[in-house]
file final-v2.cif (mmCIF, C-alpha atoms (C1' of nucleotides))
data_data
#
loop_
_atom_site.group_PDB
_atom_site.id
_atom_site.type_symbol
_atom_site.label_atom_id
_atom_site.label_comp_id
_atom_site.auth_asym_id
_atom_site.auth_seq_id
_atom_site.Cartn_x
_atom_site.Cartn_y
_atom_site.Cartn_z
ATOM 1 C CA MET Q 1 -1.324 -2.857 -7.529
ATOM 2 C CA SER Q 2 -1.569 0.797 -8.008
ATOM 3 C CA HIS Q 3 -0.598 2.876 -5.062
ATOM 4 C CA LEU Q 4 -1.468 6.478 -5.597
ATOM 5 C CA ILE Q 5 0.826 7.326 -2.768
ATOM 6 C CA ASN Q 6 1.875 6.221 0.673
ATOM 7 C CA VAL Q 7 4.462 7.296 3.193
ATOM 8 C CA SER Q 8 6.231 4.286 4.661
ATOM 9 C CA GLU Q 9 8.206 4.248 7.867
ATOM 10 C CA ALA Q 10 11.277 3.907 5.660
ATOM 11 C CA ALA Q 11 10.593 7.133 3.769
ATOM 12 C CA SER Q 12 9.923 8.991 6.968
ATOM 13 C CA LEU Q 13 13.064 7.627 8.597
ATOM 14 C CA ALA Q 14 15.028 8.715 5.568
ATOM 15 C CA LEU Q 15 13.703 12.254 5.872
ATOM 16 C CA HIS Q 16 14.394 12.401 9.591
ATOM 17 C CA GLY Q 17 17.799 10.788 9.304
ATOM 18 C CA LEU Q 18 18.896 13.023 6.473
ATOM 19 C CA THR Q 19 17.774 16.082 8.362
ATOM 20 C CA ILE Q 20 20.034 15.029 11.207
ATOM 21 C CA VAL Q 21 22.871 14.526 8.741
ATOM 22 C CA ALA Q 22 22.200 18.009 7.385
ATOM 23 C CA GLN Q 23 22.264 19.472 10.873
ATOM 24 C CA GLN Q 24 25.606 17.822 11.670
ATOM 25 C CA SER Q 25 27.139 18.868 8.384
ATOM 26 C CA PRO Q 26 29.969 18.880 7.499
ATOM 27 C CA ASN Q 27 30.593 16.113 10.031
ATOM 28 C CA LYS Q 28 29.831 12.532 9.093
ATOM 29 C CA VAL Q 29 27.053 10.645 10.847
ATOM 30 C CA ASN Q 30 26.895 6.860 11.148
ATOM 31 C CA SER Q 31 23.865 4.633 11.243
ATOM 32 C CA LYS Q 32 24.354 3.611 14.855
ATOM 33 C CA TYR Q 33 24.090 7.233 15.903
ATOM 34 C CA LEU Q 34 21.031 7.759 13.752
ATOM 35 C CA ALA Q 35 19.365 4.650 15.133
ATOM 36 C CA GLU Q 36 19.830 5.847 18.689
ATOM 37 C CA LYS Q 37 18.750 9.366 17.889
ATOM 38 C CA LEU Q 38 15.623 8.250 16.071
ATOM 39 C CA ASP Q 39 14.913 5.332 18.352
ATOM 40 C CA ALA Q 40 14.767 3.005 15.380
ATOM 41 C CA SER Q 41 16.247 -0.297 14.176
ATOM 42 C CA GLU Q 42 19.862 0.143 13.118
ATOM 43 C CA ALA Q 43 19.569 -2.611 10.507
ATOM 44 C CA HIS Q 44 16.629 -0.870 8.967
ATOM 45 C CA LEU Q 45 18.297 2.519 8.933
ATOM 46 C CA ALA Q 46 21.433 1.021 7.455
ATOM 47 C CA LYS Q 47 19.439 -0.419 4.586
ATOM 48 C CA ILE Q 48 17.663 2.853 3.976
ATOM 49 C CA PHE Q 49 20.889 4.821 3.930
ATOM 50 C CA GLN Q 50 22.423 2.255 1.635
ATOM 51 C CA ARG Q 51 19.781 3.082 -0.917
ATOM 52 C CA LEU Q 52 20.184 6.811 -0.422
ATOM 53 C CA SER Q 53 23.891 6.399 -0.917
ATOM 54 C CA LYS Q 54 23.499 4.320 -4.031
ATOM 55 C CA SER Q 55 21.256 6.977 -5.521
ATOM 56 C CA GLY Q 56 23.936 9.612 -5.116
ATOM 57 C CA LEU Q 57 21.993 11.755 -2.675
ATOM 58 C CA ILE Q 58 24.589 11.148 0.030
ATOM 59 C CA ARG Q 59 28.170 9.895 0.223
ATOM 60 C CA SER Q 60 29.222 7.016 2.441
ATOM 61 C CA PHE Q 61 32.525 6.137 4.130
ATOM 62 C CA ARG Q 62 33.407 2.784 5.681
ATOM 63 C CA GLY Q 63 35.532 1.900 8.643
ATOM 64 C CA PRO Q 64 36.091 3.720 11.903
ATOM 65 C CA THR Q 65 35.207 7.412 11.551
ATOM 66 C CA GLY Q 66 33.023 6.303 8.672
ATOM 67 C CA GLY Q 67 29.433 7.387 8.130
ATOM 68 C CA PHE Q 68 27.308 9.449 5.809
ATOM 69 C CA MET Q 69 27.240 13.012 4.581
ATOM 70 C CA LEU Q 70 25.169 14.939 2.081
ATOM 71 C CA ASN Q 71 26.353 15.029 -1.484
ATOM 72 C CA LYS Q 72 24.768 18.407 -2.216
ATOM 73 C CA PRO Q 73 23.466 21.405 -0.279
ATOM 74 C CA ALA Q 74 20.553 20.748 2.062
ATOM 75 C CA GLU Q 75 18.581 23.414 0.224
ATOM 76 C CA GLU Q 76 18.675 21.297 -2.908
ATOM 77 C CA ILE Q 77 17.312 18.098 -1.383
ATOM 78 C CA SER Q 78 13.550 17.771 -1.101
ATOM 79 C CA PHE Q 79 11.313 15.121 0.383
ATOM 80 C CA LEU Q 80 10.200 14.415 -3.161
ATOM 81 C CA ASP Q 81 13.742 13.280 -3.992
ATOM 82 C CA ILE Q 82 13.819 11.097 -0.900
ATOM 83 C CA TYR Q 83 10.365 9.691 -1.447
ATOM 84 C CA GLU Q 84 11.090 8.616 -4.969
ATOM 85 C CA ILE Q 85 14.317 6.899 -3.969
ATOM 86 C CA ILE Q 86 12.846 5.014 -1.040
ATOM 87 C CA GLU Q 87 9.430 4.110 -2.360
ATOM 88 C CA SER Q 88 10.955 3.765 -5.808
ATOM 89 C CA LYS Q 89 7.795 4.869 -7.464
ATOM 90 C CA ILE Q 90 6.470 7.885 -9.191
ATOM 91 C CA ILE Q 91 3.494 9.641 -7.739
ATOM 92 C CA LEU Q 92 1.598 10.331 -10.950
ATOM 93 C CA ASN Q 93 -1.047 7.739 -11.495
ATOM 94 C CA ASP Q 94 -4.453 7.005 -12.860
ATOM 95 C CA CYS Q 95 -7.223 4.397 -12.855
ATOM 96 C CA PRO Q 96 -5.919 0.947 -11.913
ATOM 97 C CA LEU Q 97 -8.300 -0.835 -14.271
ATOM 98 C CA ASP Q 98 -7.313 -2.039 -17.685
ATOM 99 C CA LYS Q 99 -8.407 0.603 -20.152
ATOM 100 C CA ALA Q 100 -8.900 -1.912 -22.960
ATOM 101 C CA GLY Q 101 -11.780 -3.648 -21.187
ATOM 102 C CA CYS Q 102 -13.335 -0.495 -19.715
ATOM 103 C CA PRO Q 103 -16.821 0.292 -21.020
ATOM 104 C CA PHE Q 104 -16.537 3.986 -20.169
ATOM 105 C CA GLU Q 105 -15.221 6.025 -23.001
ATOM 106 C CA ASN Q 106 -14.229 8.913 -20.766
ATOM 107 C CA CYS Q 107 -12.450 7.847 -17.590
ATOM 108 C CA ILE Q 108 -14.733 8.086 -14.599
ATOM 109 C CA PHE Q 109 -11.940 9.544 -12.523
ATOM 110 C CA GLY Q 110 -11.497 12.383 -14.972
ATOM 111 C CA ASP Q 111 -8.491 14.440 -13.955
ATOM 112 C CA ALA Q 112 -9.026 13.791 -10.261
ATOM 113 C CA LEU Q 113 -6.090 11.449 -9.754
ATOM 114 C CA LYS Q 114 -3.759 13.565 -11.833
ATOM 115 C CA ASN Q 115 -4.747 16.663 -9.889
ATOM 116 C CA ILE Q 116 -4.148 14.961 -6.583
ATOM 117 C CA SER Q 117 -0.795 13.707 -7.768
ATOM 118 C CA TYR Q 118 0.193 17.172 -8.844
ATOM 119 C CA ASN Q 119 -0.705 18.557 -5.449
ATOM 120 C CA ILE Q 120 1.349 15.886 -3.732
ATOM 121 C CA TYR Q 121 4.244 16.519 -6.057
ATOM 122 C CA GLN Q 122 4.311 20.214 -5.260
ATOM 123 C CA THR Q 123 3.911 19.694 -1.544
ATOM 124 C CA PHE Q 124 6.692 17.147 -1.280
ATOM 125 C CA GLU Q 125 8.985 19.271 -3.369
ATOM 126 C CA ASN Q 126 8.542 22.141 -0.926
ATOM 127 C CA ILE Q 127 9.822 20.127 2.009
ATOM 128 C CA LYS Q 128 13.576 20.701 2.024
ATOM 129 C CA LEU Q 129 16.279 19.218 4.187
ATOM 130 C CA SER Q 130 17.289 22.745 5.041
ATOM 131 C CA ASP Q 131 13.965 23.415 6.765
ATOM 132 C CA PHE Q 132 15.464 22.370 10.085
ATOM 133 C CA THR Q 133 19.009 23.579 9.815
ATOM 134 C CA LYS Q 134 18.335 27.257 10.332
ATOM 135 C CA MET A 135 1.754 0.591 7.869
ATOM 136 C CA SER A 136 0.561 4.014 7.149
ATOM 137 C CA HIS A 137 -1.000 4.449 3.794
ATOM 138 C CA LEU A 138 -1.618 8.073 3.019
ATOM 139 C CA ILE A 139 -3.874 6.920 0.261
ATOM 140 C CA ASN A 140 -4.163 4.347 -2.454
ATOM 141 C CA VAL A 141 -6.758 3.379 -4.986
ATOM 142 C CA SER A 142 -7.056 -0.392 -5.229
ATOM 143 C CA GLU A 143 -8.581 -2.278 -8.098
ATOM 144 C CA ALA A 144 -11.443 -3.057 -5.723
ATOM 145 C CA ALA A 145 -12.248 0.603 -5.078
ATOM 146 C CA SER A 146 -12.101 1.388 -8.747
ATOM 147 C CA LEU A 147 -14.315 -1.581 -9.636
ATOM 148 C CA ALA A 148 -16.787 -0.406 -7.030
ATOM 149 C CA LEU A 149 -16.960 3.039 -8.596
ATOM 150 C CA HIS A 150 -17.347 1.639 -12.094
ATOM 151 C CA GLY A 151 -19.843 -1.000 -11.058
ATOM 152 C CA LEU A 152 -21.954 1.422 -9.095
ATOM 153 C CA THR A 153 -21.991 3.856 -11.965
ATOM 154 C CA ILE A 154 -23.421 1.105 -14.146
ATOM 155 C CA VAL A 155 -26.004 0.363 -11.477
ATOM 156 C CA ALA A 156 -26.889 4.049 -11.422
ATOM 157 C CA GLN A 157 -27.244 4.100 -15.189
ATOM 158 C CA GLN A 158 -29.599 1.095 -15.181
ATOM 159 C CA SER A 159 -31.660 2.481 -12.347
ATOM 160 C CA PRO A 160 -34.352 1.660 -11.341
ATOM 161 C CA ASN A 161 -33.593 -1.824 -12.729
ATOM 162 C CA LYS A 162 -31.558 -4.252 -10.684
ATOM 163 C CA VAL A 163 -28.119 -5.330 -11.872
ATOM 164 C CA ASN A 164 -26.456 -8.599 -10.871
ATOM 165 C CA SER A 165 -22.788 -9.322 -10.417
ATOM 166 C CA LYS A 166 -22.542 -11.599 -13.438
ATOM 167 C CA TYR A 167 -23.667 -8.741 -15.659
ATOM 168 C CA LEU A 168 -21.232 -6.355 -13.995
ATOM 169 C CA ALA A 169 -18.380 -8.813 -14.364
ATOM 170 C CA GLU A 170 -19.007 -9.172 -18.077
ATOM 171 C CA LYS A 171 -19.472 -5.465 -18.587
ATOM 172 C CA LEU A 172 -16.316 -4.568 -16.692
ATOM 173 C CA ASP A 173 -14.306 -7.546 -17.908
ATOM 174 C CA ALA A 174 -13.497 -8.483 -14.324
ATOM 175 C CA SER A 175 -13.663 -11.477 -12.004
ATOM 176 C CA GLU A 176 -17.228 -12.177 -10.918
ATOM 177 C CA ALA A 177 -16.077 -13.530 -7.547
ATOM 178 C CA HIS A 178 -14.181 -10.366 -6.875
ATOM 179 C CA LEU A 179 -17.044 -8.113 -7.883
ATOM 180 C CA ALA A 180 -19.453 -10.142 -5.787
ATOM 181 C CA LYS A 181 -17.273 -9.626 -2.741
ATOM 182 C CA ILE A 182 -17.011 -5.919 -3.375
ATOM 183 C CA PHE A 183 -20.741 -5.513 -3.804
ATOM 184 C CA GLN A 184 -21.338 -7.547 -0.704
ATOM 185 C CA ARG A 185 -19.447 -4.949 1.259
ATOM 186 C CA LEU A 186 -21.231 -2.080 -0.433
ATOM 187 C CA SER A 187 -24.505 -3.751 0.398
ATOM 188 C CA LYS A 188 -23.577 -4.308 4.009
ATOM 189 C CA SER A 189 -22.673 -0.656 4.358
ATOM 190 C CA GLY A 190 -26.154 0.397 3.268
ATOM 191 C CA LEU A 191 -25.031 2.189 0.115
ATOM 192 C CA ILE A 192 -26.946 -0.288 -2.034
ATOM 193 C CA ARG A 193 -29.700 -2.860 -1.559
ATOM 194 C CA SER A 194 -29.366 -6.466 -2.619
ATOM 195 C CA PHE A 195 -31.885 -9.119 -3.698
ATOM 196 C CA ARG A 196 -31.210 -12.842 -3.943
ATOM 197 C CA GLY A 197 -32.558 -15.436 -6.286
ATOM 198 C CA PRO A 198 -33.564 -15.209 -9.921
ATOM 199 C CA THR A 199 -34.222 -11.606 -10.952
ATOM 200 C CA GLY A 200 -32.042 -10.695 -7.989
ATOM 201 C CA GLY A 201 -29.244 -8.147 -8.084
ATOM 202 C CA PHE A 202 -28.296 -4.765 -6.724
ATOM 203 C CA MET A 203 -29.747 -1.285 -6.799
ATOM 204 C CA LEU A 204 -28.820 2.033 -5.230
ATOM 205 C CA ASN A 205 -30.224 2.821 -1.842
ATOM 206 C CA LYS A 206 -30.175 6.582 -2.389
ATOM 207 C CA PRO A 207 -29.990 9.019 -5.291
ATOM 208 C CA ALA A 208 -26.868 8.843 -7.455
ATOM 209 C CA GLU A 209 -26.273 12.529 -6.765
ATOM 210 C CA GLU A 210 -25.764 11.728 -3.107
ATOM 211 C CA ILE A 211 -23.141 9.019 -3.529
ATOM 212 C CA SER A 212 -19.544 10.157 -3.933
ATOM 213 C CA PHE A 213 -16.329 8.292 -4.576
ATOM 214 C CA LEU A 214 -15.313 9.326 -1.085
ATOM 215 C CA ASP A 215 -18.174 7.230 0.315
ATOM 216 C CA ILE A 216 -17.145 4.285 -1.831
ATOM 217 C CA TYR A 217 -13.471 4.646 -1.063
ATOM 218 C CA GLU A 218 -13.983 4.633 2.663
ATOM 219 C CA ILE A 219 -16.171 1.534 2.502
ATOM 220 C CA ILE A 220 -13.856 -0.456 0.293
ATOM 221 C CA GLU A 221 -10.471 0.580 1.628
ATOM 222 C CA SER A 222 -11.987 0.799 5.073
ATOM 223 C CA LYS A 223 -9.671 3.596 6.029
ATOM 224 C CA ILE A 224 -9.775 7.266 6.506
ATOM 225 C CA ILE A 225 -7.619 9.447 4.346
ATOM 226 C CA LEU A 226 -6.360 11.860 6.989
ATOM 227 C CA ASN A 227 -2.938 10.895 8.199
ATOM 228 C CA ASP A 228 0.376 12.120 9.519
ATOM 229 C CA CYS A 229 3.956 11.015 10.178
ATOM 230 C CA PRO A 230 4.215 7.244 10.549
ATOM 231 C CA LEU A 231 6.965 7.453 13.169
ATOM 232 C CA ASP A 232 6.317 7.192 16.865
ATOM 233 C CA LYS A 233 6.102 10.724 18.204
ATOM 234 C CA ALA A 234 7.368 9.736 21.642
ATOM 235 C CA GLY A 235 10.811 8.780 20.338
ATOM 236 C CA CYS A 236 11.089 11.574 17.783
ATOM 237 C CA PRO A 237 13.870 14.085 18.464
ATOM 238 C CA PHE A 238 12.185 16.822 16.445
ATOM 239 C CA GLU A 239 9.973 19.003 18.522
ATOM 240 C CA ASN A 240 8.055 20.317 15.541
ATOM 241 C CA CYS A 241 7.067 17.631 13.070
ATOM 242 C CA ILE A 242 9.253 17.734 9.984
ATOM 243 C CA PHE A 243 6.257 17.150 7.763
ATOM 244 C CA GLY A 244 4.544 20.213 9.153
ATOM 245 C CA ASP A 245 1.031 20.431 7.761
ATOM 246 C CA ALA A 246 2.029 18.853 4.458
ATOM 247 C CA LEU A 247 0.332 15.514 4.982
ATOM 248 C CA LYS A 248 -2.808 17.057 6.385
ATOM 249 C CA ASN A 249 -3.014 19.462 3.466
ATOM 250 C CA ILE A 250 -2.632 16.672 0.959
ATOM 251 C CA SER A 251 -5.271 14.655 2.729
ATOM 252 C CA TYR A 252 -7.661 17.559 2.665
ATOM 253 C CA ASN A 253 -7.134 17.981 -1.037
ATOM 254 C CA ILE A 254 -7.825 14.305 -1.629
ATOM 255 C CA TYR A 255 -10.891 14.475 0.534
ATOM 256 C CA GLN A 256 -12.357 17.333 -1.468
ATOM 257 C CA THR A 257 -11.500 15.777 -4.791
ATOM 258 C CA PHE A 258 -13.024 12.420 -3.988
ATOM 259 C CA GLU A 259 -16.126 14.028 -2.611
ATOM 260 C CA ASN A 260 -16.679 15.818 -5.889
ATOM 261 C CA ILE A 261 -16.814 12.609 -7.880
ATOM 262 C CA LYS A 262 -20.481 11.611 -7.849
ATOM 263 C CA LEU A 263 -22.198 8.527 -9.205
ATOM 264 C CA SER A 264 -24.466 10.862 -11.135
ATOM 265 C CA ASP A 265 -21.543 12.171 -13.191
ATOM 266 C CA PHE A 266 -22.224 9.570 -15.862
ATOM 267 C CA THR A 267 -25.983 9.279 -15.781
ATOM 268 C CA LYS A 268 -26.797 12.500 -17.582
ATOM 269 C "C1'" DC V 269 -42.387 -28.666 -3.751
ATOM 270 C "C1'" DC V 270 -38.382 -28.664 -6.900
ATOM 271 C "C1'" DT V 271 -35.003 -26.476 -9.500
ATOM 272 C "C1'" DA V 272 -32.347 -22.778 -11.131
ATOM 273 C "C1'" DT V 273 -30.439 -18.500 -9.848
ATOM 274 C "C1'" DT V 274 -28.233 -15.168 -7.034
ATOM 275 C "C1'" DT V 275 -26.358 -13.135 -2.940
ATOM 276 C "C1'" DC V 276 -23.916 -14.179 1.638
ATOM 277 C "C1'" DG V 277 -20.217 -15.095 4.717
ATOM 278 C "C1'" DG V 278 -16.330 -17.291 5.911
ATOM 279 C "C1'" DT V 279 -11.950 -18.732 4.520
ATOM 280 C "C1'" DA V 280 -8.023 -19.814 1.721
ATOM 281 C "C1'" DT V 281 -4.617 -18.378 -1.453
ATOM 282 C "C1'" DT V 282 -1.687 -15.285 -3.665
ATOM 283 C "C1'" DT V 283 0.971 -11.373 -4.030
ATOM 284 C "C1'" DT V 284 3.436 -7.529 -2.447
ATOM 285 C "C1'" DA V 285 5.335 -4.475 0.711
ATOM 286 C "C1'" DG V 286 8.045 -3.834 4.607
ATOM 287 C "C1'" DT V 287 11.465 -5.060 7.814
ATOM 288 C "C1'" DA V 288 15.300 -7.629 9.756
ATOM 289 C "C1'" DC V 289 19.416 -10.373 9.410
ATOM 290 C "C1'" DC V 290 24.177 -11.793 8.298
ATOM 291 C "C1'" DA V 291 28.529 -12.778 6.157
ATOM 292 C "C1'" DG V 292 31.823 -10.067 3.512
ATOM 293 C "C1'" DA V 293 34.566 -6.048 2.016
ATOM 294 C "C1'" DA V 294 36.622 -1.641 3.020
ATOM 295 C "C1'" DT V 295 38.876 1.590 6.063
ATOM 296 C "C1'" DT V 296 41.199 3.482 10.050
ATOM 297 C "C1'" DA V 297 44.106 3.448 13.945
ATOM 298 C "C1'" DT V 298 47.347 1.138 16.689
ATOM 299 C "C1'" DA P 299 49.944 -6.824 10.332
ATOM 300 C "C1'" DT P 300 46.103 -6.813 13.418
ATOM 301 C "C1'" DA P 301 41.933 -5.640 15.311
ATOM 302 C "C1'" DA P 302 38.022 -2.829 15.549
ATOM 303 C "C1'" DT P 303 34.610 -0.340 13.094
ATOM 304 C "C1'" DT P 304 31.424 0.692 9.461
ATOM 305 C "C1'" DC P 305 29.131 0.295 5.167
ATOM 306 C "C1'" DT P 306 27.481 -3.273 1.448
ATOM 307 C "C1'" DG P 307 24.635 -6.472 -0.823
ATOM 308 C "C1'" DG P 308 22.116 -10.343 -0.922
ATOM 309 C "C1'" DT P 309 18.634 -12.832 1.230
ATOM 310 C "C1'" DA P 310 15.282 -14.368 4.502
ATOM 311 C "C1'" DC P 311 11.461 -13.435 7.173
ATOM 312 C "C1'" DT P 312 7.069 -11.213 8.581
ATOM 313 C "C1'" DA P 313 2.929 -9.018 7.972
ATOM 314 C "C1'" DA P 314 -0.642 -7.289 5.482
ATOM 315 C "C1'" DA P 315 -3.260 -6.340 1.570
ATOM 316 C "C1'" DA P 316 -5.659 -7.955 -2.343
ATOM 317 C "C1'" DT P 317 -7.940 -11.385 -4.686
ATOM 318 C "C1'" DA P 318 -10.201 -15.877 -5.434
ATOM 319 C "C1'" DC P 319 -12.947 -19.741 -3.922
ATOM 320 C "C1'" DC P 320 -16.856 -22.440 -2.096
ATOM 321 C "C1'" DG P 321 -20.645 -24.258 0.544
ATOM 322 C "C1'" DA P 322 -24.873 -22.364 2.451
ATOM 323 C "C1'" DA P 323 -28.995 -19.571 2.513
ATOM 324 C "C1'" DA P 324 -32.565 -17.115 0.161
ATOM 325 C "C1'" DT P 325 -35.761 -16.229 -3.670
ATOM 326 C "C1'" DA P 326 -38.583 -16.733 -7.856
ATOM 327 C "C1'" DG P 327 -40.860 -19.391 -11.195
ATOM 328 C "C1'" DG P 328 -42.755 -23.488 -12.976
#
call {"tool": "encode", "arguments": {"input": "final-v2.cif", "output": "structure tokens"}}
result
Amino acid sequence: MSHLINVSEAASLALHGLTIVAQQSPNKVNSKYLAEKLDASEAHLAKIFQRLSKSGLIRSFRGPTGGFMLNKPAEEISFLDIYEIIESKIILNDCPLDKAGCPFENCIFGDALKNISYNIYQTFENIKLSDFTK
Amino acid sequence: MSHLINVSEAASLALHGLTIVAQQSPNKVNSKYLAEKLDASEAHLAKIFQRLSKSGLIRSFRGPTGGFMLNKPAEEISFLDIYEIIESKIILNDCPLDKAGCPFENCIFGDALKNISYNIYQTFENIKLSDFTK
DNA sequence: CCTATTTCGGTATTTTAGTACCAGAATTAT
DNA sequence: ATAATTCTGGTACTAAAATACCGAAATAGG
């Protein structure tokens, strides 16, 4: 199993949800609000934000008036950060076949997969939470 | 389910197997030979080549002395062709969320996903079966 | 013909990703 | 204290992708 890259609903919800959190800053935002706003499952959003919280990207508060807020400036949070937390994988990748048994001395893919990964890396890093707070 | 892109073992085996077929051209190559050469499951390879055959990329011959051969010059077959047959999906993609319920007027991803897709498209198209027959 | 070989096509199994659920712990306000 | 609210963490469920299997059909050679 060797995903070069994919954008799940979870990763996209995280980006959208966090952007809303950034917009509401410094107020806290809870998952019920986010679910309504994004027209998405609250259970799902809660799980996603749990992971974001655990990673340190955001802070969480329980109880009434509880919710989530960013743990650093919106300018310093990129979709790359979010992607790696939610998909919990690194983008860089190469041929999924076992190199030991491969009859080709030089990989057929050459640098293609690495180049693609690099492009993705750069692109994701340029998407910042602050893009929609101005 | 919205895979931006992924390279499965199947797609990679197809590329490797077809390159071997190209190298042996104009001789036919059977799946047993490919399985041994690539140190892979014959059943799996057979299934992959069945799909390649059905798509018209290669021709197949049953019975003793049977096997597979390219249906057009190696220079004209790219990994993009192979990828789209095996993964049976197009690379171009955008935000996996339902646009109707999205509160953001302008998509947060902007052109990022399209740009990445375009890059992948170009890169895969530049990988030709003939790369390893010279 | 008869047999050995090889692909074909359908299906079954396995694995993994993705999503949803629920009881429990923490917090706030009354 | 009590009740209401909200996150937490483990788990269960669903769906889909990826791989493996197997009987049937086709072909070539003796």
call {"tool": "atom_distance", "arguments": {"input": "final-v2.cif", "atom1": "atom CA of Ala177 of chain A", "atom2": "atom CA of Phe266 of chain A"}}
result
25.3 Å
call {"tool": "atom_distance", "arguments": {"input": "final-v2.cif", "atom1": "atom CA of Ala35 of chain Q", "atom2": "atom CA of Leu247 of chain A"}}
result
24.2 Å
call {"tool": "atom_distance", "arguments": {"input": "final-v2.cif", "atom1": "atom CA of Ser146 of chain A", "atom2": "atom CA of Asn205 of chain A"}}
result
19.4 Å
call {"tool": "closest_residue", "arguments": {"input": "final-v2.cif", "among": "A:Ser222, A:Ser175, A:Ser194, A:Asn240", "to": "His16 of chain Q", "atoms": "all atoms listed in the file"}}
result
A:Asn240
call {"tool": "interface_residues", "arguments": {"input": "final-v2.cif", "of": "chain V", "to": "chain A", "cutoff": "8 Å", "atoms": "only C-alpha atoms (C1' of nucleotides)", "output": "PyMOL selection string"}}
result
chain V and resi 272-276
call {"tool": "closest_atom_pairs", "arguments": {"input": "final-v2.cif", "of": "chain P", "to": "chain Q", "cutoff": "6 Å", "atoms": "all atoms listed in the file", "output": "JSON lines"}}
result
{"residue": "P:DT303", "atom": "C1'", "partner": "Q:Pro64", "partner_atom": "CA", "distance": 4.5}
{"residue": "P:DT304", "atom": "C1'", "partner": "Q:Gly63", "partner_atom": "CA", "distance": 4.4}
{"residue": "P:DC305", "atom": "C1'", "partner": "Q:Arg62", "partner_atom": "CA", "distance": 5.0}
call {"tool": "closest_atom_pairs", "arguments": {"input": "final-v2.cif", "of": "chain A", "to": "chain Q", "cutoff": "10 Å", "atoms": "all atoms listed in the file", "output": "tab-separated table"}}
result
residue	atom	partner	partner_atom	distance
A:Met135	CA	Q:Ser8	CA	6.6
A:Ser136	CA	Q:Ser8	CA	6.2
A:His137	CA	Q:Asn6	CA	4.6
A:Leu138	CA	Q:Asn6	CA	4.6
A:Ile139	CA	Q:Ile5	CA	5.6
A:Asn140	CA	Q:His3	CA	4.7
A:Val141	CA	Q:Leu4	CA	6.2
A:Ser142	CA	Q:Ser2	CA	6.3
A:Glu143	CA	Q:Pro96	CA	5.7
A:Ala144	CA	Q:Pro96	CA	9.2
A:Ala145	CA	Q:Pro96	CA	9.3
A:Ser146	CA	Q:Pro96	CA	7.0
A:Leu147	CA	Q:Leu97	CA	7.6
A:Leu149	CA	Q:Ile108	CA	8.2
A:His150	CA	Q:Ile108	CA	7.4
A:Thr153	CA	Q:Ile108	CA	8.8
A:Ile154	CA	Q:Pro103	CA	9.6
A:Glu170	CA	Q:Gly101	CA	9.6
A:Lys171	CA	Q:Pro103	CA	6.8
A:Leu172	CA	Q:Cys102	CA	5.9
A:Asp173	CA	Q:Gly101	CA	5.7
A:Ala174	CA	Q:Gly101	CA	8.6
A:Phe213	CA	Q:Phe109	CA	9.2
A:Asn227	CA	Q:Val7	CA	9.6
A:Asp228	CA	Q:Val7	CA	8.9
A:Cys229	CA	Q:Ser12	CA	7.1
A:Pro230	CA	Q:Glu9	CA	5.7
A:Leu231	CA	Q:Glu9	CA	6.3
A:Asp232	CA	Q:Asp39	CA	8.9
A:Ala234	CA	Q:Asp39	CA	9.3
A:Gly235	CA	Q:Asp39	CA	5.7
A:Cys236	CA	Q:Leu38	CA	5.9
A:Pro237	CA	Q:Leu38	CA	6.5
A:Phe238	CA	Q:His16	CA	8.4
A:Asn240	CA	Q:Phe132	CA	9.4
A:Cys241	CA	Q:His16	CA	9.7
A:Ile242	CA	Q:His16	CA	7.4
A:Phe243	CA	Q:Ile127	CA	7.4
A:Gly244	CA	Q:Ile127	CA	8.9
A:Asp245	CA	Q:Thr123	CA	9.8
A:Ala246	CA	Q:Thr123	CA	6.3
A:Leu247	CA	Q:Thr123	CA	8.5
A:Asn249	CA	Q:Thr123	CA	8.6
A:Ile250	CA	Q:Ile120	CA	6.2
A:Ser251	CA	Q:Ile120	CA	9.3
A:Asn253	CA	Q:Ile116	CA	7.0
A:Ile254	CA	Q:Ile116	CA	6.2
A:Tyr255	CA	Q:Ile116	CA	9.8
A:Gln256	CA	Q:Ile116	CA	10.0
A:Thr257	CA	Q:Ala112	CA	6.3
A:Phe258	CA	Q:Ala112	CA	7.6
A:Asn260	CA	Q:Ala112	CA	9.0
A:Ile261	CA	Q:Phe109	CA	7.4
A:Lys262	CA	Q:Ile108	CA	9.5
A:Leu263	CA	Q:Ile108	CA	9.2
A:Asp265	CA	Q:Ile108	CA	8.1
A:Phe266	CA	Q:Ile108	CA	7.7
call {"tool": "residues_around", "arguments": {"input": "final-v2.cif", "residues": "DA310 of chain P", "least_positions_apart": "2", "cutoff": "12 Å", "atoms": "all atoms listed in the file", "output": "list in words"}}
result
DT287, DA288, DC289 and DC290 of chain V; DG308 and DT312 of chain P
call {"tool": "axis_aligned_box", "arguments": {"input": "final-v2.cif", "around": "segment 204-216 of chain A", "padding_each_side": "6 Å", "output": "JSON"}}
result
{"center_x": -22.8, "center_y": 7.3, "center_z": -3.6, "size_x": 26.9, "size_y": 22.5, "size_z": 19.8}
call {"tool": "resolve_selection", "arguments": {"input": "final-v2.cif", "expression": "the PyMOL selection byres ((chain P and resi 315) around 8)", "output": "list in words"}}
result
DT284 of chain V; DA314 and DA316 of chain P
call {"tool": "write_last_selection", "arguments": {"input": "final-v2.cif", "atoms": "C-alpha atoms (C1' of nucleotides)", "output": "compact mmCIF listing (two decimals), in the frame of the given file"}}
result
# COMPACT_ATOMS: atom_id res chain seq x y z
C1' DT V 284 3.44 -7.53 -2.45
C1' DA P 314 -0.64 -7.29 5.48
C1' DA P 316 -5.66 -7.96 -2.34
call {"tool": "resolve_selection", "arguments": {"input": "final-v2.cif", "expression": "the PyMOL selection byres ((chain P and resi 299) around 12)", "output": "list in words"}}
result
DT298 of chain V; DT300 and DA301 of chain P
